[in-house]
Structure formats: C-alpha cells, structure tokens
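Following: one structure in structure tokens, then a few remarks.
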Amino acid sequence: MRSSKWLRVSAVRVIALQRRGIGRFLMKPIAIAVMIAAATCLLTVNALAAEPIVLGWVGPLSPPGNFSGGQEMQWAVQLGVDEINKAGGLLGRPLKVVYEDTKGQPAEGSAAAVRLITRDKVAAIFGEFHSSVALAEADVAHKQGVPWVGTDVWADKLTALQYPEVFRLAPANSLVYVKVAAWMAEQGFKHVAIIAENTDFGQDGARVVSNILKEKHVDQKLVTIDLNQQDFTPALLRLMSEGAKPDIIQMVVAGQAQYQIVKQACQLGFAPNAKTKMLGSTGLLQKEVWEVDGDCAKHLLVVNIATPKSQWNNKAKAFAAAFQKKYNRAPTGVAMEAYDTLGVVAAAIRKAGSAERKDIIKGLSQISYVGVNGTYSFPATTDPAWAYHQFIDVPFHIIQYTASNQAPSDAPIVYPKKWATTDKLLPAN
Amino acid sequence: MTNRISFSHGLQVLLLATALLAPLIAGPYWVHVGALAWYYAMLASSWSLLAGYAGQFSFAQVAFAAFGGYASALLRLRLGLPLILAVAAAVIMAMILGALMGALVLRLSGPYLALFTLATAEIFRLILVAEEDVTRGSLGLQVPGLFSGDSDLPYYYLGLSLVVLTLLAMNGLLFTRIGLFLRAIREDESAAQASGVNTTLHKIVVFVVTSGIAALAGAYYGHFVGILTPNMVILPEMGLVIAMAVIGGIESLPGAVVGAVIVYGLSEMLRDYGEWRFVLLGLVLILVQRFAQNGLFPFLERHFDRPMPLPSPTRNALDIEGEHVNLS
Amino acid sequence: MTYFMLLTVNGLVIGLIYALMAAGLTLVFSVLKVVNFGHGSFYMLGGYAAYYAIGLLGVPPLVGVFIAMVALFLFGVAIEWLVLQPMYTGKVERKDEYAIIVTFGLTILLTNLALVVFGPFSKSPPAFLQGTFIAGPLILPYDRLIAAAVAVVLLVALAWFLARTSLGQALDAVSQSRESAAVIGINPKRMYTVAFGLGSALAGGAGALIAPIFALSPNMGELPGVQAFIIIVLGGMGSVSGSIIGGILLGVVQGLGVGFLPDPNRALAYTQAFGALLLIFVLLVRPTGLFGRAHTRLE
C-alpha cells in the first residue's frame, strides 16, 4: 500500500520535475544505481580460477609512500614474471602476480594483505618498502598462515618478531649500518653529521650508526628531516656553523630527498668536497642524481645494497640488460632485491613442488637460491632476534662517484676491502 | 514532518540490519574493510555534528583520533593500565583538549577556524613524528590486538556497536535543547546570541563531545590495525573524512555514516584500477558533489517523502544573481 | 651574525616565492569567496609545464616560467568553468562545502594523475643561472636569487594591476561586494573566471620558479599548499599585500626557527611547526589575520 502511494507520489514528482529538466532528476538515481551495481558486481566476483599460481605484491605506488622506490620494485617484479612465464611458468602453471598499492599507510597494508589472501587467494605475499606497513601486513600474514617475504624493509623489528611466515631479503639495519659506522670510524672521520629521514628506515638506521659511533668515541650530530621538506638550507647552515664542522655527512635517507640535500650543501660550498665528504644511500644510484645535482654529485659516496658489477653473475648481467632495455633506466639495488624476492618465492615453490602456503613456507626456510644479488637462505637463527629468517649475507659496498654522469657500476669501490678498487677517498685533503 | 522522521528511522533500522547481516554474505575481505570503515564512520558522523550542526569547520578531527589512539596505546603499554581504563582516560583527556580547542577558536569563523585547527593538527602530527622516544615516530607504535584468533568479525561488530552507540549519544544530544541551540547557532550566530543562546558554552560542548568520539574511534583503529603511525593525521586523511560527511549529507549523522561506508568502500573497490584508483576517487568526489550535492542519504530520505521544497538557508547575492540570469 | 643573516636571506627568498603562490590563493578567495584546496596541485602543474616547455620547445628557463603561467591561466579558466560555475548559477546549494570538497577532489585527481602521466621519478629543469652569488659573507645560489627577483616583479605587477587597471579594480570591486559591483555594470561571473585563472597562473608561476631550485615530483604541491593557506590566513584572507608580508614572515620565521632552536634535531623536525605556531599565535591575537577585512566571511 505504501509502495503504490510512493509510486503515485513519485509519478507526480517526475511530471513536476520534468519542467525543470529530466536530466537533473535522473542523474541522482542513475549515479546511485551505478554505484550499487558496481558494488554488487565486485562483491560477487569469483576468486580467480585455480589454474594460475597467484602471488601478491605489496608496495608504495602513491603518496605518502615512497612511490619512486615502489615503482622500481614493481617494474623489476613484472620483468621477472614475464621471464618465468615465457620459460613455461611455475610447476607447469602460469604465474600471476596481483599488485597492491599500500601507499606507505599501515591500514592500507593490512587491507591489501587481507584482500590478497581472501579474495585473490594468493599463495604468498612479497614486497614492501615501509617497515610500519610491513609490520601490519606481516601480522595479517601470520594470522592467516601465509608466507610473507620482505623486499626493502629494514627495521630490525620485522624479523625480530620471529613469525614463521615472515622472511626478509633486505638487510636489517643492524646488518648494514653497523658496518658502515665501523668503516667511518676506521677511515678516521672525527666529526660525523647524520641526516636521517623521519621514517622507520631513517630512524632505525640512524640509531644504529649513532650507537656504534658513540662506542668508538666519534663525535656525532643527528638531524632528522621530513621527506616532504625541500629546503634543507637552514639545517645545513646550522651544521656548518655550529660546533666543529663535520668531516663527513651521512645521509640515512631512502629516496630522492637526498638530491636536494646534496644540491643545497653544494651550493653553500659545504659538501661534498675535500673537507666534508657525503655518504648517502640508494636514491643516489638513480640517474636523476646527475640531472638534479650535476657536478655536485661527483665525489658522493653511496652505500649500494648489491654486489659490485665486477662481481655480477650472469643472472645479474642479464637482468640489468633486460631492465635497462625495457624501462630505459639502470636498475638499482632495490630493483635487484625485488627481482630476487620473486625469484626466491618461485624457487621455494619449485623446491616444495607445490603452491600450497604451508609448503612454500617450508621451502623458503630450507632454500638456497642464487639470485642476482647473492645466494639466499633464511636460517631460523634466534640470536640475535632479528636474524630469524633474515638473509644474512646481504651484499653491499660503498662506491664513490669520480666523474660526471657516471653509472654506479663504473664508480670505484671503497668498501669492503675484498672488492675495493681504490683505497683513497676523493678529493684528497 | 512526522512522516519524515518515522520513515527515516525505518530506513536507519534497515541499514543497521544490513550492516549486521552483511558479514554473512560478504566474505572476510569486506568484513575487514567494513571494520576499517567504522573508524571513518565515527569520525565522519562526529565531524558532521561539529561542522554541520554547530558550524565549526574543524580540520582537527583526525588529530583527536590519533591522540586517542596513541594515548590509549601508550597508557596500556607504558603504564600497564587495563584496556577499558586506558581508553576511558584517553577519551577524557581528548575531551579536555577539545574543550581547550573550542575555547581557543571562539573568536574565529569560517576559513580562519578551519586553518587554525589545521595548524594545530599539523603541530600534533609533527610532535608524533619528532618525539620518537615516546611515540616511535614513523616506525609506528604497535598496539596489541583485542581478540585472539584470525577473524576480523569481532572487530567488525565492535566497530559497528561503537558507531551505533556514538550515533545514539549524538542524537540524544541533538534532541535536547542543546541540539536546538546548535542549529540556531549554525543558521545565524548573531541572531542566536541575540536571542540569549550561550553560544560560547554550546560551541565548547560540541567540541568536547566530538573530540571524545574521535578519540574513541582512534583507540579502536589502533587496536584493530595493530599499528599507529603519524600518517593517520595527514591532510588527505582529514579531507577524506570531510568528503565522507559531505557526501553522506552534512547535516545528517546517519548520512555521514553511510557516506563513510560508501567512500571508503569505493576507495577499496577502485583497487582494481591500479594506478588510476585515486584519480577515479577524486573524480567521483567531484561528480557526486556536482550532481548529488545534498549527499546521498538525504536524497534517499526525501525520495520517500512528500516533496516539500525547502528554502535555502543562506540565500545570498550569488543566488539572487543566478536567478536573475536564468530569468532573462 | 653571518649565520643569522644567511638564514634570514634564505627565508626571505623562499618566502617571496611562497608569497607569490599565496597571493594567487588569496585573490581567488577574495573574489570568489572560495578556498581552493587544489591550489597546491596548480603549483605542481606549473612546475611540470615549465619543465616540458623548456624540454620540448627548447625555450630558455625564464620563458618557460612565462609559458607555465599562461598554461595555468587557461587551465584555471577551464576548471572554473567546468567545476566552479555551478556554484553561482544556482545549481548548488551550500557553496562553501561544495567548494571545499570539489577542490579537495581536484587535488586528489590532479596529484594522482600527475603521478600516472609524469611518472614517479624526480625531474629537474635546467637552472636559470648556474652557480652561486657570493658577496662577502653572503652566499645565495643564483637560482634562488633570480626566482625571488622574478617573484618580486610579479607581485609588484599584481599589486599595480589590482590598483591601477580597470580590470583589476573590477576584481577588487567584486571582492568587496558582488551586488554593488553588479549594480555598476561589472559582470561578476566574468570576474570570477578572470580571478581564478589569474590565481592559478600565479600558483603555476611559483611552481615554475621553484622547479629548478627544488626539483619536481607529483606531490610537490602538498606542503607548499598548506603553507599557502597558512600565509593567507596570516596575512588576512583577501589581502594581497597581507599575503606578501605573510609569506616573507613565514619564510623568515621558519629559517630562524630551524637555525636557533637549541636542539638541532628537533629544530629541523619541527620546521613546519614554526609556521603553524606563528599562525596560531596571530589568529589568537587577531582573528582575521594581520590585514584581513573583519567582515569577510565564508558564506
């Protein structure tokens, strides 16, 4: 009864409103109907067919996450997926990866993880760049018993939780920065200025460096920056003017904010030069460093989480060539880590002979896989806590650019001794 | 008038029933999304009260939520307080801060108020980032979960009950004289003041109530997601809350809840579009505003009601001019 | 002393460029009574426009800035016509909320579109002039010096335009009272379009000036956008001279704050907070900003 009354009322309304133009009247219900239809469609979408093996990739592809790092990672994985499928797939089945943008927000990470696990029914999840997001994802993975392999997440905490499902390719901060700090002390630097980004990576890494330097009685100053800032001149001026001038600036900054720090330090006549060196990380390996910093980038020291080119195995060379060809940029260590993460998961599946989650976890804990960046294994060490399922033999070296537009692989290596091609830091004092 | 209220109640009951039963057909992913949506629903509806009814366009809502989240987590972790006590204490502290905020913005209006609150939210975010010894900064503050087991259902229903409770509380407030006065303040503050309404007190009361609710929402969020980061206070997050409230209908509290569910659900649905996800979301926000400006919920309400054209509460020169142009 | 001077000069320079952006925002507000939350993305687009103009057309960097301003003017006009016009042709009821949501939606749309179209990697247009200007203790990169100088020129031109030309005065009239302006024969709708276009052009110009200094990325407009809001409220919304002073004040306060707060780590971490604190303080003392018109309200 009510409905017929409603119909009459609506009919009257329609006629009345026709004078004002039907379009306006229809727009709203159409918009709502479309949205409801879309919702219904998506809710009842079936899970993907059982035939392909489905994996889930997570990482930042938009702000506030580090989207340039995430993009590199995604590209490397896509390359790997193509290669695997061209060679016949995994266990005779095609490989499919679902990519989820986690934006650097933990809530996005957990939602993405739940989605990948319950809707796409992935056999494993891998990737990620931000530790806080990784922790949220790892939690979900742990609850659901799904293997989770971290590509470029550095916080010690991640593996220190010792979840059986969680594995990590990236170094723990304690692995790399302990050595870097020791190297700085050994090189005789007396006053170190640490500029760290205020993210999980920066904070944790800076703390590790700071502790080691304190142990070795090296004077140090710590300054944290927000990645969205662009003007570091006041901070640099301060470092230059207060107390003893640093003889090395260590940047624990993941991304391209480093370019600005380098550029502005250079413009101030502060660094890098004979009196003050600059040591940075991954972002400085991308070709944009020359575009943004020009000649200022000469003499930059960079920590490269990769084996040096001279040590590349055939896989690495092939990967670098393919990446360069497809994306018109040389892959950095992050891209190589991402490619290797896919390789590791694929290898675990092959070793286990199955794409079941439990079997993949088992495969990962027993595997020894030769990737482009090293030979991976994930022992279940429990001391120190963060060494659990952590790839320990993380290769890294420190290069120094010596000529304009130099590719990282052509730059001389200053650390470690076994790979070093020079023992002098330029410019000489 | 009576027709409108009773049917509106009917519709709300229907929606509540849908929310209660949805997990049965929706699957674990949408249950997870729903549980997250309840966080936004509480923020959107309380913001709707603050901005829609009391006319205080505050940008600090997410900051209060973060405060609630961090405070309750820190009280639990650092001082070992039991859950209920920690959350209650956090909510009370937030209410005190809300009162302070309400007092500070008394002389401000419109965009000045908005930007003042934005500035305070920014400062709070910076404190969260900088004081990493306490908050663990961007590494994130891990919060222990509330329920054991791997299902999100308990969180979903907890969130839903919190949404219902806060809606009931706010509606209760609105049906008292306080609500009437709030409406009056929004329509025309000077007139209300001239009529003897204690605008100062009422504005502060609204801030107190809404910051308490925001803090509760934040505590819920922290315990559900398991980790709190300063990124929950960035401007796009606040903008999202505002969008949800406005799409749902800025003067409708249940509307804001529906708006939150729709917008958040939409942002998840759009994941299929990969890199276009947020491009499309932005587009949808613009289109919805353009074509369904009063929000979707009041549209639904009105659709089931006798058409009674309401005069626009703030007719001004632009309206007059618009009509003038149309006639000629 | 040198340190103090360097910080002040640097703050002044950056502040002037932000003031340029803020002037555009305040102009839009004073004429259309709309806070354009998408202003930061126009700034970003201006930067990219200059980059591509220089790269694809081979024009010198300063010409690139000019092209960016023209491009953003046209873009602003298009956006105004598509998205904002419904506000005053009677199709939309609550204009203030509409404006906020729609401009916020615009930011999300443009930022993510820029990410898709321009890619996630930083780009850097060539410098205006390589090298650093050194005069005694003063160190100032030429890029910053030139950008500040151009910003000053543009701001002065804007002020002159608003005060001396008939179009500018028409804009000012509309900003004071739409009805009165209509009465004396000014078409408010056309003024809205001009104002929005002009405001966008100013934001685009600021972005193009900043581009060689700070490099481009799709979300580069977020922080400057917030700072522009702070500046216009600081200076008083609707006041162009207010936004100039506000911009300079913000730049200098930030620089000095970072330089002088005792703990260097906190000082840098709280960079943005100095501006926010300044804003809070000013609003508590003067609720409509330093030079705001008391009767200006969002309707």
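Residue numbers start at 1 in each chain; chains themselves are named A, B, ... in the order of the structure tokens; ligands are numbered from 1 in the order shown.
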
Practice task
Might you pull out every residue within 6 Å of Ala90 (chain B), with only C-alpha atoms counted and same-chain residues fewer than 3 positions away left off, and present them as number ranges by chain?
Solution key: B: 68, 71-72, 87, 93

With C-alpha atoms retained, could you export that selection as an mmCIF file, in the first residue's frame?
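Resulting contents of out27.cif:
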data_model
loop_
_atom_site.group_PDB
_atom_site.id
_atom_site.type_symbol
_atom_site.label_atom_id
_atom_site.label_comp_id
_atom_site.auth_asym_id
_atom_site.auth_seq_id
_atom_site.Cartn_x
_atom_site.Cartn_y
_atom_site.Cartn_z
ATOM 1 C CA GLY B 68 43.014 8.812 21.328
ATOM 2 C CA ALA B 71 47.204 7.880 24.316
ATOM 3 C CA SER B 72 45.294 4.676 24.934
ATOM 4 C CA VAL B 87 40.679 4.043 26.547
ATOM 5 C CA MET B 93 41.966 13.681 28.032
#

Exercise for the section: Starting from chain A, keep only residues with some atom at most 6 Å from an atom of chain B, counting only C-alpha atoms, and report them as number ranges by chain. Expected result: A: 28, 114-115, 132, 143, 199-200

Exercise for the section: Measuring atom to atom with only C-alpha atoms, identify which of C:Val35, C:Val253, C:Ile280, C:Val153 is nearest to chain A. Expected result: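 With only C-alpha atoms as the atom set, the closest residue is C:Val253.
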
Practice task
Tell me which protein, DNA and RNA residues are within 9 Å of Ile261 (chain A), counting only C-alpha atoms, leaving out same-chain ones fewer than 6 positions away, and put them as a list in words.
Solution key: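 Returned residues: Gln230, Asp231, Phe232, Thr233, Leu236 and Met251 of chain A.
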
Handout entry: region 68-84 of chain C surroundings by only C-alpha atoms, 9 Å radius, close-in-sequence under 4 positions cut, as a PyMOL selection string
Key = (chain B and resi 286+290) or (chain C and resi 42-43+45-51+53+63-64+88+98-99+102-103+192-208)

Selection to disk with N, CA and C atoms, as an mmCIF file, in the first residue's frame:
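Ended up saving to again-v6.cif:
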data_model
loop_
_atom_site.group_PDB
_atom_site.id
_atom_site.type_symbol
_atom_site.label_atom_id
_atom_site.label_comp_id
_atom_site.auth_asym_id
_atom_site.auth_seq_id
_atom_site.Cartn_x
_atom_site.Cartn_y
_atom_site.Cartn_z
ATOM 1 N N ILE B 286 34.172 14.786 -7.090
ATOM 2 C CA ILE B 286 33.728 15.979 -7.803
ATOM 3 C C ILE B 286 32.352 15.754 -8.400
ATOM 4 N N ARG B 290 28.797 17.570 -7.566
ATOM 5 C CA ARG B 290 28.169 18.338 -8.611
ATOM 6 C C ARG B 290 26.712 17.915 -8.815
ATOM 7 N N PHE C 42 48.012 23.106 -8.596
ATOM 8 C CA PHE C 42 48.274 24.039 -9.705
ATOM 9 C C PHE C 42 49.738 24.449 -9.693
ATOM 10 N N TYR C 43 50.248 24.632 -8.491
ATOM 11 C CA TYR C 43 51.671 24.944 -8.309
ATOM 12 C C TYR C 43 52.513 23.837 -8.933
ATOM 13 N N LEU C 45 51.583 21.637 -11.217
ATOM 14 C CA LEU C 45 51.406 21.596 -12.666
ATOM 15 C C LEU C 45 52.218 22.697 -13.351
ATOM 16 N N GLY C 46 52.312 23.848 -12.709
ATOM 17 C CA GLY C 46 53.110 24.925 -13.282
ATOM 18 C C GLY C 46 54.553 24.505 -13.426
ATOM 19 N N GLY C 47 55.048 23.800 -12.400
ATOM 20 C CA GLY C 47 56.426 23.331 -12.459
ATOM 21 C C GLY C 47 56.641 22.383 -13.637
ATOM 22 N N TYR C 48 55.732 21.431 -13.775
ATOM 23 C CA TYR C 48 55.861 20.475 -14.876
ATOM 24 C C TYR C 48 55.673 21.157 -16.230
ATOM 25 N N ALA C 49 54.752 22.114 -16.279
ATOM 26 C CA ALA C 49 54.526 22.821 -17.546
ATOM 27 C C ALA C 49 55.808 23.495 -18.000
ATOM 28 N N ALA C 50 56.483 24.155 -17.058
ATOM 29 C CA ALA C 50 57.739 24.817 -17.405
ATOM 30 C C ALA C 50 58.768 23.786 -17.854
ATOM 31 N N TYR C 51 58.830 22.676 -17.121
ATOM 32 C CA TYR C 51 59.800 21.627 -17.458
ATOM 33 C C TYR C 51 59.615 21.147 -18.892
ATOM 34 N N ALA C 53 57.912 22.648 -21.294
ATOM 35 C CA ALA C 53 58.081 23.744 -22.246
ATOM 36 C C ALA C 53 59.556 23.901 -22.593
ATOM 37 N N VAL C 63 61.538 31.965 -19.943
ATOM 38 C CA VAL C 63 60.399 31.911 -20.861
ATOM 39 C C VAL C 63 59.496 30.749 -20.467
ATOM 40 N N GLY C 64 60.129 29.673 -20.002
ATOM 41 C CA GLY C 64 59.373 28.527 -19.527
ATOM 42 C C GLY C 64 58.425 28.921 -18.406
ATOM 43 N N TYR C 88 27.540 29.306 -8.753
ATOM 44 C CA TYR C 88 26.763 30.540 -8.783
ATOM 45 C C TYR C 88 25.806 30.618 -9.941
ATOM 46 N N TYR C 98 30.602 22.758 -1.009
ATOM 47 C CA TYR C 98 30.831 22.321 -2.386
ATOM 48 C C TYR C 98 32.252 22.661 -2.798
ATOM 49 N N ALA C 99 32.629 23.916 -2.551
ATOM 50 C CA ALA C 99 33.954 24.359 -2.971
ATOM 51 C C ALA C 99 35.057 23.546 -2.308
ATOM 52 N N VAL C 102 34.981 19.874 -3.716
ATOM 53 C CA VAL C 102 35.342 19.795 -5.120
ATOM 54 C C VAL C 102 36.813 20.134 -5.328
ATOM 55 N N THR C 103 37.315 21.137 -4.640
ATOM 56 C CA THR C 103 38.732 21.471 -4.819
ATOM 57 C C THR C 103 39.607 20.408 -4.168
ATOM 58 N N TYR C 192 34.901 36.267 -11.832
ATOM 59 C CA TYR C 192 35.286 35.022 -11.164
ATOM 60 C C TYR C 192 36.254 34.240 -12.046
ATOM 61 N N THR C 193 35.911 34.153 -13.313
ATOM 62 C CA THR C 193 36.765 33.411 -14.232
ATOM 63 C C THR C 193 38.154 34.026 -14.292
ATOM 64 N N VAL C 194 38.193 35.338 -14.435
ATOM 65 C CA VAL C 194 39.490 36.016 -14.508
ATOM 66 C C VAL C 194 40.280 35.781 -13.233
ATOM 67 N N ALA C 195 39.604 35.945 -12.107
ATOM 68 C CA ALA C 195 40.307 35.806 -10.834
ATOM 69 C C ALA C 195 40.859 34.400 -10.666
ATOM 70 N N PHE C 196 40.033 33.416 -10.968
ATOM 71 C CA PHE C 196 40.509 32.048 -10.795
ATOM 72 C C PHE C 196 41.656 31.739 -11.739
ATOM 73 N N GLY C 197 41.528 32.204 -12.972
ATOM 74 C CA GLY C 197 42.610 31.998 -13.924
ATOM 75 C C GLY C 197 43.890 32.664 -13.459
ATOM 76 N N LEU C 198 43.724 33.884 -13.001
ATOM 77 C CA LEU C 198 44.892 34.633 -12.544
ATOM 78 C C LEU C 198 45.514 33.962 -11.322
ATOM 79 N N GLY C 199 44.685 33.539 -10.395
ATOM 80 C CA GLY C 199 45.187 32.863 -9.200
ATOM 81 C C GLY C 199 45.953 31.603 -9.563
ATOM 82 N N SER C 200 45.404 30.843 -10.513
ATOM 83 C CA SER C 200 46.082 29.626 -10.950
ATOM 84 C C SER C 200 47.398 29.951 -11.639
ATOM 85 N N ALA C 201 47.384 31.026 -12.411
ATOM 86 C CA ALA C 201 48.615 31.413 -13.107
ATOM 87 C C ALA C 201 49.713 31.767 -12.109
ATOM 88 N N LEU C 202 49.318 32.448 -11.044
ATOM 89 C CA LEU C 202 50.305 32.813 -10.026
ATOM 90 C C LEU C 202 50.867 31.573 -9.339
ATOM 91 N N ALA C 203 49.985 30.624 -9.042
ATOM 92 C CA ALA C 203 50.462 29.380 -8.428
ATOM 93 C C ALA C 203 51.403 28.660 -9.388
ATOM 94 N N GLY C 204 50.980 28.605 -10.656
ATOM 95 C CA GLY C 204 51.810 27.947 -11.656
ATOM 96 C C GLY C 204 53.160 28.622 -11.805
ATOM 97 N N GLY C 205 53.133 29.950 -11.765
ATOM 98 C CA GLY C 205 54.384 30.690 -11.854
ATOM 99 C C GLY C 205 55.307 30.370 -10.693
ATOM 100 N N ALA C 206 54.723 30.313 -9.496
ATOM 101 C CA ALA C 206 55.537 29.978 -8.323
ATOM 102 C C ALA C 206 56.154 28.596 -8.497
ATOM 103 N N GLY C 207 55.359 27.656 -8.966
ATOM 104 C CA GLY C 207 55.867 26.307 -9.189
ATOM 105 C C GLY C 207 56.980 26.281 -10.209
ATOM 106 N N ALA C 208 56.802 27.061 -11.288
ATOM 107 C CA ALA C 208 57.822 27.093 -12.323
ATOM 108 C C ALA C 208 59.107 27.738 -11.814
#

Practice task
Enumerate as an MDAnalysis selection string the residues belonging to chain A that approach chain C to within 6 Å, with only C-alpha atoms taken into account.
Solution key: chainID A and resid 68 223:225 234 238 292

Please produce a file of the residues just selected, as a tab-separated table (two decimals), in the first residue's frame, where the atoms kept are C-alpha atoms.
chain	number	residue	atom	x	y	z
A	68	SER	CA	59.59	6.03	-6.87
A	223	VAL	CA	69.42	15.68	12.44
A	224	THR	CA	66.12	14.25	11.22
A	225	ILE	CA	64.31	15.52	8.17
A	234	PRO	CA	68.75	26.26	7.24
A	238	ARG	CA	73.38	25.14	11.13
A	292	VAL	CA	69.32	17.34	-10.36

Exercise for the section: Quote the spacing between CA of Lys95 (chain C) and CA of Lys33 (chain C) in Å to one decimal place. Expected result: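 If I compute the distance from CA of Lys95 (chain C) to CA of Lys33 (chain C), I get 9.3 Å.
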
Handout entry: Contacts of region 110-116 of chain B at 8 Å (only C-alpha atoms; same-chain gap of 2+ positions) as a PyMOL selection string
Key = (chain B and resi 56-59+105+108+118-120) or (chain C and resi 35+229-230+233+279-280+283+287-288+297-298)

Exercise for the section: Pick out the closest residue to chain B from this set: C:Ala273, C:Ile244, C:Leu162, C:Ala114. Count only C-alpha atoms. Expected result: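 Of C:Ala273, C:Ile244, C:Leu162, C:Ala114, the one nearest chain B, counting only C-alpha atoms, is C:Ala273.
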
Exercise for the section: For Ser310 (chain A), list every protein, DNA or RNA residue within 10 Å, evaluated using only C-alpha atoms, and leave out those in the same chain fewer than 2 positions away; present the list as a list in words. Expected result: Thr307, Pro308, Trp312, Asn313, Ser409, Asp410 and Trp419 of chain A

Handout entry: Residue list (helix (DSSP H, G or I), DSSP) for region 209-407 of chain A, as a VMD selection string
Key = chain A and resid 209 to 215 233 to 241 257 to 267 282 to 285 288 to 297 309 to 311 314 to 327 333 to 352 357 to 366 385 to 387

Problem - Residues near region 293-305 of chain A, cut-off 9 Å, only C-alpha atoms, skip fewer than 5 positions along chain, as number ranges by chain - result: A: 170-171, 176, 180, 259-260, 262-263, 265-267, 271-273, 277-282, 284-285, 288, 332-334, 337, 373, 394-406, 408, 414, 425-427

Practice task
Mind listing the strand (DSSP E) residues of region 66-152 of chain C, per DSSP on the backbone, as JSON, numbers by chain?
Solution key: {"C": [132, 133, 134, 135, 138, 139, 140, 141]}

Suppose we keep C-alpha atoms; can you now write the selection as a short mmCIF file (atom, residue, chain, number, x, y, z; two decimals), in the first residue's frame?
data_model
loop_
_atom_site.label_atom_id
_atom_site.label_comp_id
_atom_site.auth_asym_id
_atom_site.auth_seq_id
_atom_site.Cartn_x
_atom_site.Cartn_y
_atom_site.Cartn_z
CA THR C 132 76.22 30.82 -6.56
CA PHE C 133 76.21 34.51 -5.86
CA ILE C 134 78.81 35.28 -3.26
CA ALA C 135 79.28 38.74 -1.83
CA LEU C 138 76.51 36.29 1.72
CA ILE C 139 76.01 33.01 -0.13
CA LEU C 140 72.98 32.73 -2.35
CA PRO C 141 72.60 30.41 -5.33
#

Exercise for the section: Quote the spacing between CA of His39 (chain C) and CA of Leu50 (chain B) in Å to one decimal place. Expected result: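 Taking CA of His39 (chain C) and CA of Leu50 (chain B), their separation equals 25.7 Å.
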